[in-house]
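J.: start.pdb is reproduced in full below (PDB, C-alpha atoms).
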ATOM      1  CA  MET A   1       8.159  23.002  -0.025
ATOM      2  CA  SER A   2       6.641  20.269  -2.219
ATOM      3  CA  ASP A   3       4.326  17.547  -0.889
ATOM      4  CA  ASN A   4       7.051  14.926  -1.331
ATOM      5  CA  GLN A   5       9.576  17.062   0.554
ATOM      6  CA  SER A   6       7.064  17.597   3.397
ATOM      7  CA  LEU A   7       6.631  13.856   3.803
ATOM      8  CA  GLN A   8      10.323  13.038   3.458
ATOM      9  CA  LYS A   9      11.393  15.604   6.092
ATOM     10  CA  GLN A  10       9.036  14.453   8.839
ATOM     11  CA  THR A  11      10.601  13.907  12.248
ATOM     12  CA  PRO A  12       9.830  10.648  14.098
ATOM     13  CA  ASP A  13       7.473  12.552  16.442
ATOM     14  CA  GLN A  14       5.636  14.085  13.490
ATOM     15  CA  VAL A  15       5.293  10.709  11.779
ATOM     16  CA  LYS A  16       3.880   9.139  14.937
ATOM     17  CA  ARG A  17       1.496  12.031  15.633
ATOM     18  CA  ARG A  18       0.243  12.293  12.056
ATOM     19  CA  ARG A  19      -0.274   8.545  11.895
ATOM     20  CA  GLN A  20      -2.350   8.761  15.081
ATOM     21  CA  ILE A  21      -4.382  11.676  13.706
ATOM     22  CA  ALA A  22      -5.000   9.869  10.407
ATOM     23  CA  SER A  23      -5.962   6.658  12.195
ATOM     24  CA  THR A  24      -8.433   8.472  14.469
ATOM     25  CA  VAL A  25     -10.119  10.341  11.622
ATOM     26  CA  LEU A  26     -10.239   7.319   9.316
ATOM     27  CA  ARG A  27     -11.790   5.266  12.119
ATOM     28  CA  ARG A  28     -14.383   7.858  13.193
ATOM     29  CA  GLY A  29     -15.005   9.609   9.878
ATOM     30  CA  ALA A  30     -14.949  13.181  11.252
ATOM     31  CA  VAL A  31     -13.193  14.717  14.279
ATOM     32  CA  SER A  32     -12.818  18.276  15.577
ATOM     33  CA  ILE A  33      -9.474  20.092  15.763
ATOM     34  CA  ASP A  34      -9.851  20.446  19.538
ATOM     35  CA  GLU A  35     -10.338  16.696  19.970
ATOM     36  CA  LEU A  36      -7.240  15.954  17.901
ATOM     37  CA  SER A  37      -5.260  18.554  19.837
ATOM     38  CA  GLU A  38      -6.277  17.019  23.169
ATOM     39  CA  GLN A  39      -5.550  13.491  21.945
ATOM     40  CA  SER A  40      -2.136  14.408  20.529
ATOM     41  CA  GLY A  41      -1.070  16.639  23.408
ATOM     42  CA  VAL A  42      -0.062  19.480  21.092
ATOM     43  CA  SER A  43      -1.518  22.881  20.265
ATOM     44  CA  PRO A  44      -4.338  23.343  17.723
ATOM     45  CA  MET A  45      -1.862  25.246  15.535
ATOM     46  CA  THR A  46       0.425  22.193  15.422
ATOM     47  CA  VAL A  47      -2.560  20.014  14.561
ATOM     48  CA  TYR A  48      -3.454  22.409  11.732
ATOM     49  CA  ARG A  49       0.062  22.007  10.327
ATOM     50  CA  ASP A  50      -0.193  18.215  10.590
ATOM     51  CA  ILE A  51      -3.563  18.253   8.862
ATOM     52  CA  ALA A  52      -2.195  20.428   6.059
ATOM     53  CA  VAL A  53       0.394  17.731   5.283
ATOM     54  CA  LEU A  54      -2.195  14.939   5.490
ATOM     55  CA  GLU A  55      -4.596  16.951   3.355
ATOM     56  CA  ARG A  56      -2.015  17.331   0.590
ATOM     57  CA  ALA A  57      -1.407  13.585   0.812
ATOM     58  CA  GLY A  58      -5.092  12.943   0.122
ATOM     59  CA  VAL A  59      -5.794  11.390   3.519
ATOM     60  CA  LEU A  60      -7.929  14.075   5.196
ATOM     61  CA  TYR A  61      -9.687  17.351   4.449
ATOM     62  CA  ARG A  62     -11.303  20.130   6.491
ATOM     63  CA  ASN A  63     -15.026  20.714   6.277
ATOM     64  CA  ARG A  64     -17.110  23.020   8.502
ATOM     65  CA  GLY A  65     -14.772  22.897  11.467
ATOM     66  CA  LYS A  66     -14.251  19.143  11.277
ATOM     67  CA  VAL A  67     -11.416  17.039   9.933
ATOM     68  CA  VAL A  68     -12.947  14.469   7.590
ATOM     69  CA  ALA A  69     -11.547  11.223   6.206
ATOM     70  CA  ALA A  70     -10.729  11.253   2.503
ATOM     71  CA  ALA A  71      -8.889   7.913   2.210
ATOM     72  CA  THR A  72     -11.925   5.656   2.355
ATOM     73  CA  GLY A  73     -13.479   2.976   0.213
ATOM     74  CA  LEU A  74     -13.875   5.585  -2.535
ATOM     75  CA  HIS A  75     -10.488   7.299  -2.251
ATOM     76  CA  GLU A  76      -6.827   6.404  -1.716
ATOM     77  CA  ALA A  77      -3.981   8.361  -0.151
ATOM     78  CA  THR A  78      -0.850   9.220  -2.120
ATOM     79  CA  ALA A  79       1.864   6.593  -2.504
ATOM     80  CA  ARG A  80       4.432   8.833  -0.812
ATOM     81  CA  TYR A  81       2.250   8.987   2.305
ATOM     82  CA  ARG A  82       1.207   5.330   2.311
ATOM     83  CA  ILE A  83       4.789   4.079   2.251
ATOM     84  CA  THR A  84       5.263   5.471   5.783
ATOM     85  CA  GLN A  85       2.123   3.822   7.195
ATOM     86  CA  GLU A  86       2.157   0.519   9.126
ATOM     87  CA  ALA A  87       5.914   0.448   8.489
ATOM     88  CA  GLY A  88       6.612  -2.220  11.114
ATOM     89  CA  GLU A  89       3.909  -4.499   9.774
ATOM     90  CA  LYS A  90       4.993  -4.012   6.166
ATOM     91  CA  LYS A  91       8.633  -4.728   6.975
ATOM     92  CA  ALA A  92       7.666  -7.937   8.811
ATOM     93  CA  MET A  93       5.579  -9.101   5.837
ATOM     94  CA  ALA A  94       8.359  -8.091   3.453
ATOM     95  CA  LEU A  95      10.883 -10.317   5.226
ATOM     96  CA  VAL A  96       8.546 -13.287   4.815
ATOM     97  CA  ALA A  97       7.707 -12.501   1.190
ATOM     98  CA  ALA A  98      11.328 -11.963   0.141
ATOM     99  CA  ALA A  99      12.241 -15.435   1.387
ATOM    100  CA  LEU A 100       9.631 -16.898  -0.981
ATOM    101  CA  VAL A 101      11.109 -15.318  -4.120
ATOM    102  CA  PRO A 102      13.572 -17.705  -5.818
ATOM    103  CA  PRO A 103      16.942 -16.224  -6.852
ATOM    104  CA  GLY A 104      17.045 -15.095 -10.470
ATOM    105  CA  SER A 105      13.255 -14.788 -10.755
ATOM    106  CA  SER A 106      11.314 -12.402 -12.941
ATOM    107  CA  VAL A 107       9.155 -10.407 -10.529
ATOM    108  CA  LEU A 108       6.084  -8.353 -11.393
ATOM    109  CA  ILE A 109       5.487  -5.594  -8.823
ATOM    110  CA  ASP A 110       2.392  -3.373  -8.639
ATOM    111  CA  ASP A 111       2.200   0.199  -7.324
ATOM    112  CA  SER A 112       1.450  -0.881  -3.745
ATOM    113  CA  THR A 113       3.781   0.349  -1.018
ATOM    114  CA  SER A 114       3.720  -3.087   0.643
ATOM    115  CA  ALA A 115       5.441  -4.508  -2.439
ATOM    116  CA  ILE A 116       8.095  -1.781  -2.275
ATOM    117  CA  TRP A 117       9.053  -2.991   1.178
ATOM    118  CA  VAL A 118       9.526  -6.501  -0.270
ATOM    119  CA  LEU A 119      11.737  -5.136  -3.038
ATOM    120  CA  ARG A 120      13.923  -3.420  -0.464
ATOM    121  CA  GLU A 121      14.499  -6.746   1.266
ATOM    122  CA  LEU A 122      15.221  -8.483  -2.044
ATOM    123  CA  VAL A 123      17.762  -5.836  -3.048
ATOM    124  CA  ASP A 124      19.565  -6.246   0.277
ATOM    125  CA  MET A 125      19.805 -10.028  -0.114
ATOM    126  CA  ASP A 126      22.857 -11.674  -1.659
ATOM    127  CA  MET A 127      21.024 -13.451  -4.456
ATOM    128  CA  SER A 128      21.130 -13.923  -8.219
ATOM    129  CA  PRO A 129      19.959 -10.923 -10.263
ATOM    130  CA  LEU A 130      16.215 -10.350 -10.529
ATOM    131  CA  SER A 131      14.249  -9.120 -13.524
ATOM    132  CA  VAL A 132      11.786  -6.581 -12.100
ATOM    133  CA  VAL A 133       8.732  -5.472 -14.101
ATOM    134  CA  THR A 134       6.643  -2.631 -12.668
ATOM    135  CA  ASN A 135       4.410   0.347 -13.363
ATOM    136  CA  SER A 136       5.630   2.130 -10.213
ATOM    137  CA  LEU A 137       8.183   4.934 -10.335
ATOM    138  CA  LEU A 138       8.795   4.405  -6.615
ATOM    139  CA  VAL A 139       9.805   0.818  -7.360
ATOM    140  CA  ALA A 140      12.042   2.082 -10.159
ATOM    141  CA  SER A 141      13.682   4.600  -7.822
ATOM    142  CA  GLU A 142      14.535   1.793  -5.393
ATOM    143  CA  LEU A 143      16.614   0.204  -8.161
ATOM    144  CA  GLN A 144      18.192   3.453  -9.326
ATOM    145  CA  GLY A 145      21.952   3.033  -9.541
ATOM    146  CA  ASN A 146      21.684  -0.726  -8.936
ATOM    147  CA  SER A 147      23.168  -2.416 -11.992
ATOM    148  CA  LYS A 148      22.758  -5.937 -10.598
ATOM    149  CA  HIS A 149      19.031  -6.254 -11.274
ATOM    150  CA  THR A 150      17.169  -5.667 -14.532
ATOM    151  CA  LEU A 151      14.304  -3.166 -14.542
ATOM    152  CA  MET A 152      11.463  -3.007 -17.066
ATOM    153  CA  MET A 153       9.008  -0.112 -16.788
ATOM    154  CA  LEU A 154       5.458  -0.503 -18.067
ATOM    155  CA  GLY A 155       4.261   2.418 -20.178
ATOM    156  CA  GLY A 156       0.984   4.256 -19.788
ATOM    157  CA  GLU A 157      -0.581   7.415 -18.410
ATOM    158  CA  TYR A 158       1.304   8.744 -15.383
ATOM    159  CA  GLN A 159      -0.849   9.131 -12.254
ATOM    160  CA  ALA A 160       0.921  11.548  -9.892
ATOM    161  CA  TRP A 161      -0.916  10.507  -6.711
ATOM    162  CA  ALA A 162       0.229   6.883  -7.201
ATOM    163  CA  GLU A 163       3.570   7.752  -8.826
ATOM    164  CA  ALA A 164       2.766   5.016 -11.327
ATOM    165  CA  THR A 165       1.506   4.433 -14.861
ATOM    166  CA  MET A 166      -2.061   3.286 -15.506
ATOM    167  CA  GLY A 167      -4.518   2.860 -18.340
ATOM    168  CA  PRO A 168      -4.882   0.889 -21.604
ATOM    169  CA  VAL A 169      -1.216   1.194 -22.583
ATOM    170  CA  THR A 170      -0.099  -0.254 -19.252
ATOM    171  CA  ILE A 171      -2.524  -3.140 -19.636
ATOM    172  CA  SER A 172      -1.467  -3.826 -23.233
ATOM    173  CA  ASN A 173       2.183  -3.908 -22.103
ATOM    174  CA  LEU A 174       1.249  -6.810 -19.830
ATOM    175  CA  ASP A 175      -0.392  -8.868 -22.603
ATOM    176  CA  ASN A 176       2.797 -10.597 -23.718
ATOM    177  CA  LEU A 177       4.448 -10.908 -20.305
ATOM    178  CA  ARG A 178       4.658 -13.967 -18.069
ATOM    179  CA  ALA A 179       6.595 -13.434 -14.831
ATOM    180  CA  ASP A 180       7.692 -16.037 -12.306
ATOM    181  CA  MET A 181       6.321 -14.064  -9.351
ATOM    182  CA  CYS A 182       3.855 -11.258  -8.734
ATOM    183  CA  LEU A 183       3.890  -9.088  -5.608
ATOM    184  CA  ILE A 184       0.594  -7.274  -5.160
ATOM    185  CA  SER A 185      -1.627  -5.710  -2.520
ATOM    186  CA  ALA A 186      -5.203  -4.459  -2.163
ATOM    187  CA  SER A 187      -6.920  -1.504  -0.531
ATOM    188  CA  GLY A 188      -9.558  -3.740   0.988
ATOM    189  CA  VAL A 189     -10.719  -7.345   1.142
ATOM    190  CA  HIS A 190     -14.218  -8.658   1.805
ATOM    191  CA  ASP A 191     -15.174 -12.333   1.854
ATOM    192  CA  SER A 192     -12.993 -13.731  -0.945
ATOM    193  CA  THR A 193     -12.779 -10.601  -3.102
ATOM    194  CA  VAL A 194     -10.023  -7.972  -3.200
ATOM    195  CA  TYR A 195     -10.759  -4.334  -4.021
ATOM    196  CA  HIS A 196      -9.303  -0.944  -4.906
ATOM    197  CA  PRO A 197     -11.040   2.477  -4.923
ATOM    198  CA  TYR A 198     -10.022   3.373  -8.490
ATOM    199  CA  ALA A 199     -11.103   1.552 -11.653
ATOM    200  CA  ASP A 200      -7.868   2.153 -13.596
ATOM    201  CA  VAL A 201      -5.717   0.796 -10.768
ATOM    202  CA  ALA A 202      -8.005  -2.216 -10.332
ATOM    203  CA  ALA A 203      -7.746  -2.975 -14.054
ATOM    204  CA  VAL A 204      -3.928  -3.036 -13.931
ATOM    205  CA  LYS A 205      -3.904  -5.192 -10.804
ATOM    206  CA  ASN A 206      -6.327  -7.632 -12.424
ATOM    207  CA  LYS A 207      -4.049  -7.970 -15.439
ATOM    208  CA  MET A 208      -1.009  -8.496 -13.222
ATOM    209  CA  LEU A 209      -2.761 -11.346 -11.403
ATOM    210  CA  LYS A 210      -3.006 -13.157 -14.737
ATOM    211  CA  ALA A 211       0.573 -12.455 -15.816
ATOM    212  CA  ALA A 212       2.530 -14.508 -13.265
ATOM    213  CA  GLU A 213       3.064 -18.146 -12.349
ATOM    214  CA  HIS A 214       2.895 -17.466  -8.609
ATOM    215  CA  THR A 215       1.182 -14.524  -6.917
ATOM    216  CA  ILE A 216       1.837 -13.260  -3.389
ATOM    217  CA  LEU A 217      -0.890 -11.032  -1.938
ATOM    218  CA  LEU A 218       0.251  -8.722   0.874
ATOM    219  CA  LEU A 219      -2.470  -7.651   3.322
ATOM    220  CA  ASP A 220      -1.677  -5.795   6.532
ATOM    221  CA  HIS A 221      -4.364  -5.883   9.230
ATOM    222  CA  THR A 222      -5.920  -2.547   8.202
ATOM    223  CA  LYS A 223      -7.032  -3.964   4.838
ATOM    224  CA  PHE A 224      -9.590  -6.265   6.441
ATOM    225  CA  LYS A 225     -11.544  -3.332   7.859
ATOM    226  CA  ARG A 226     -11.699  -1.314   4.640
ATOM    227  CA  ARG A 227     -14.062  -1.478   1.724
ATOM    228  CA  ALA A 228     -13.459  -0.230  -1.793
ATOM    229  CA  LEU A 229     -15.471   0.146  -4.953
ATOM    230  CA  TYR A 230     -13.777  -1.938  -7.650
ATOM    231  CA  ALA A 231     -13.046  -5.662  -7.435
ATOM    232  CA  PHE A 232      -9.901  -6.757  -9.243
ATOM    233  CA  GLY A 233      -9.758 -10.415  -8.278
ATOM    234  CA  THR A 234     -10.503 -13.101  -5.739
ATOM    235  CA  LEU A 235      -8.449 -15.231  -3.401
ATOM    236  CA  ASP A 236      -8.674 -17.977  -6.028
ATOM    237  CA  ASP A 237      -6.400 -15.821  -8.209
ATOM    238  CA  VAL A 238      -3.510 -15.858  -5.713
ATOM    239  CA  ASP A 239      -1.236 -18.577  -4.365
ATOM    240  CA  THR A 240       0.063 -17.089  -1.109
ATOM    241  CA  VAL A 241      -1.377 -14.503   1.273
ATOM    242  CA  ILE A 242       0.891 -12.828   3.818
ATOM    243  CA  VAL A 243      -0.682 -10.959   6.736
ATOM    244  CA  ASP A 244       0.801  -9.388   9.848
ATOM    245  CA  SER A 245       0.330 -10.685  13.379
ATOM    246  CA  GLU A 246      -1.977  -7.766  14.236
ATOM    247  CA  THR A 247      -4.624  -9.322  11.968
ATOM    248  CA  ASP A 248      -7.687 -10.627  13.800
ATOM    249  CA  GLN A 249      -7.779 -14.419  14.005
ATOM    250  CA  GLN A 250     -11.231 -14.504  12.410
ATOM    251  CA  TYR A 251      -9.784 -13.050   9.201
ATOM    252  CA  ILE A 252      -6.859 -15.466   9.234
ATOM    253  CA  ASP A 253      -9.246 -18.397   9.690
ATOM    254  CA  SER A 254     -11.367 -17.131   6.807
ATOM    255  CA  LEU A 255      -8.318 -16.990   4.525
ATOM    256  CA  LYS A 256      -7.350 -20.544   5.463
ATOM    257  CA  GLU A 257     -10.668 -21.798   4.137
ATOM    258  CA  HIS A 258      -9.353 -21.193   0.635
ATOM    259  CA  ASP A 259      -6.875 -23.336  -1.272
ATOM    260  CA  LEU A 260      -3.841 -21.124  -0.716
ATOM    261  CA  ASP A 261      -0.913 -20.669   1.637
ATOM    262  CA  VAL A 262      -1.502 -18.238   4.485
ATOM    263  CA  VAL A 263       1.575 -16.925   6.282
ATOM    264  CA  VAL A 264       1.420 -14.715   9.393
ATOM    265  CA  ALA A 265       4.388 -12.374   9.729
ATOM    266  CA  GLN A 266       5.291 -11.655  13.342
ATOM    267  CA  VAL A 267       5.569  -7.933  14.052
TER     268      VAL A 267
END
Could you show the structure in this file as structure tokens?
T.:
Amino acid sequence: MSDNQSLQKQTPDQVKRRRQIASTVLRRGAVSIDELSEQSGVSPMTVYRDIAVLERAGVLYRNRGKVVAAATGLHEATARYRITQEAGEKKAMALVAAALVPPGSSVLIDDSTSAIWVLRELVDMDMSPLSVVTNSLLVASELQGNSKHTLMMLGGEYQAWAEATMGPVTISNLDNLRADMCLISASGVHDSTVYHPYADVAAVKNKMLKAAEHTILLLDHTKFKRRALYAFGTLDDVDTVIVDSETDQQYIDSLKEHDLDVVVAQV
């Protein structure tokens, strides 16, 4: 069974348990199999199977009897895995973001899974056709068979883990574009700077920030506790920030110190 099939065929109990395992390991850095088994209330063998799926997704790996976090400030999990994480928070933010996109707009969408949730809401709305520009094959698949909206794919080198195109060709494709809206997210935010673990992804995101009249930055509460290596912009580059209601008030207050709209989506 392929990695994508493993993630798509998860039962609700598996999704919940694997999310809990990933959250524990990402928070603590390294955890033993026995601890995860006790916490989850399942056998070590079941935990091993869960870890195998998370390992293929680039979230965790096994090292000397411990389960160690891989999705950190230096690494990112696969897109197929990330789209299932913080689903409630992302849907709440998506509802808010979709209401801010004018009918008939041209919309630039990055490879973030938060933006995919917004697209889903937009597609379900009875509105004038959108012109969607993206480097994400997951975004493209959401519009597959939908003849109402126009889709433009950005070329470039295909990155399997992100299911998106990256690199100089992708960036050059953006040179002559000017979209009405940009939907974008970050792996981490610190002070007024937004980050991503990979340089090629950060470069594309930076270019997208400059290619739209109005930019919406989507940040669920987990992004405020993560650090990453490459800066791709600052809060001065965006117009609206949408966070979920699980976000600590201190982070919300910090965002409000900047000249932008801050919207809290109720989960």
J.: I'd like the residues picked by the PyMOL selection byres ((chain A and resi 91) around 9) written out as a VMD selection string, using the chain letters and numbers from the file.
T.: chain A and resid 86 to 90 92 to 96 114 117 to 118 121 267
J.: So, with all atoms listed in the file as the atoms that count, which of A:Leu143, A:Ile116, A:Leu174, A:Ala97 lies closest to A:Val262?
T.: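 That would be A:Ala97, the residue with the smallest distance to A:Val262.
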J.: Take the PyMOL selection byres ((chain A and resi 112) around 10), apply it to the structure above, and return the hits as a PyMOL selection string.
T.: chain A and resi 79+82-83+109-111+113-117+136+138-139+162+164+183-187+205+218
J.: Have a look at A:Leu217, A:Ile171, A:Met166, A:Met181 and name the one nearest to A:Pro103; count only C-alpha atoms.
T.: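 The shortest atom-to-atom distance to A:Pro103 comes from A:Met181.
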J.: Under the rule that only C-alpha atoms are counted, which of A:Gln14, A:Ser245, A:Thr215, A:Asn63 is the nearest residue to A:Ser32?
T.: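 Checking each candidate against A:Ser32, we get A:Asn63 as the closest.
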J.: Report the centre and edge lengths, in Å to one decimal, of an axis-aligned box enclosing every atom of stretch 20-24 of chain A listed in the file, padded by 4 Å on each side, as AutoDock Vina command-line options.
T.:
--center_x -5.4 --center_y 9.2 --center_z 12.7 --size_x 14.1 --size_y 13.0 --size_z 12.7
J.: Could you state which residues are captured by the PyMOL selection byres ((chain A and resi 249-258) around 8) in this file, as a list of chain:residue names?
T.: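 What the PyMOL selection byres ((chain A and resi 249-258) around 8) grabs from the file is A:Asp191, A:Ser192, A:Phe224, A:Leu235, A:Asp236, A:Thr247, A:Asp248, A:Asp259, A:Leu260, A:Asp261, A:Val262.
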J.: Can you pull out the residues contacting A:Asp200? Cut-off 8 Å, using all atoms listed in the file, and skip same-chain residues under 2 positions away; I want them as a ChimeraX atom specification.
T.: /A:166-167,198,202-204
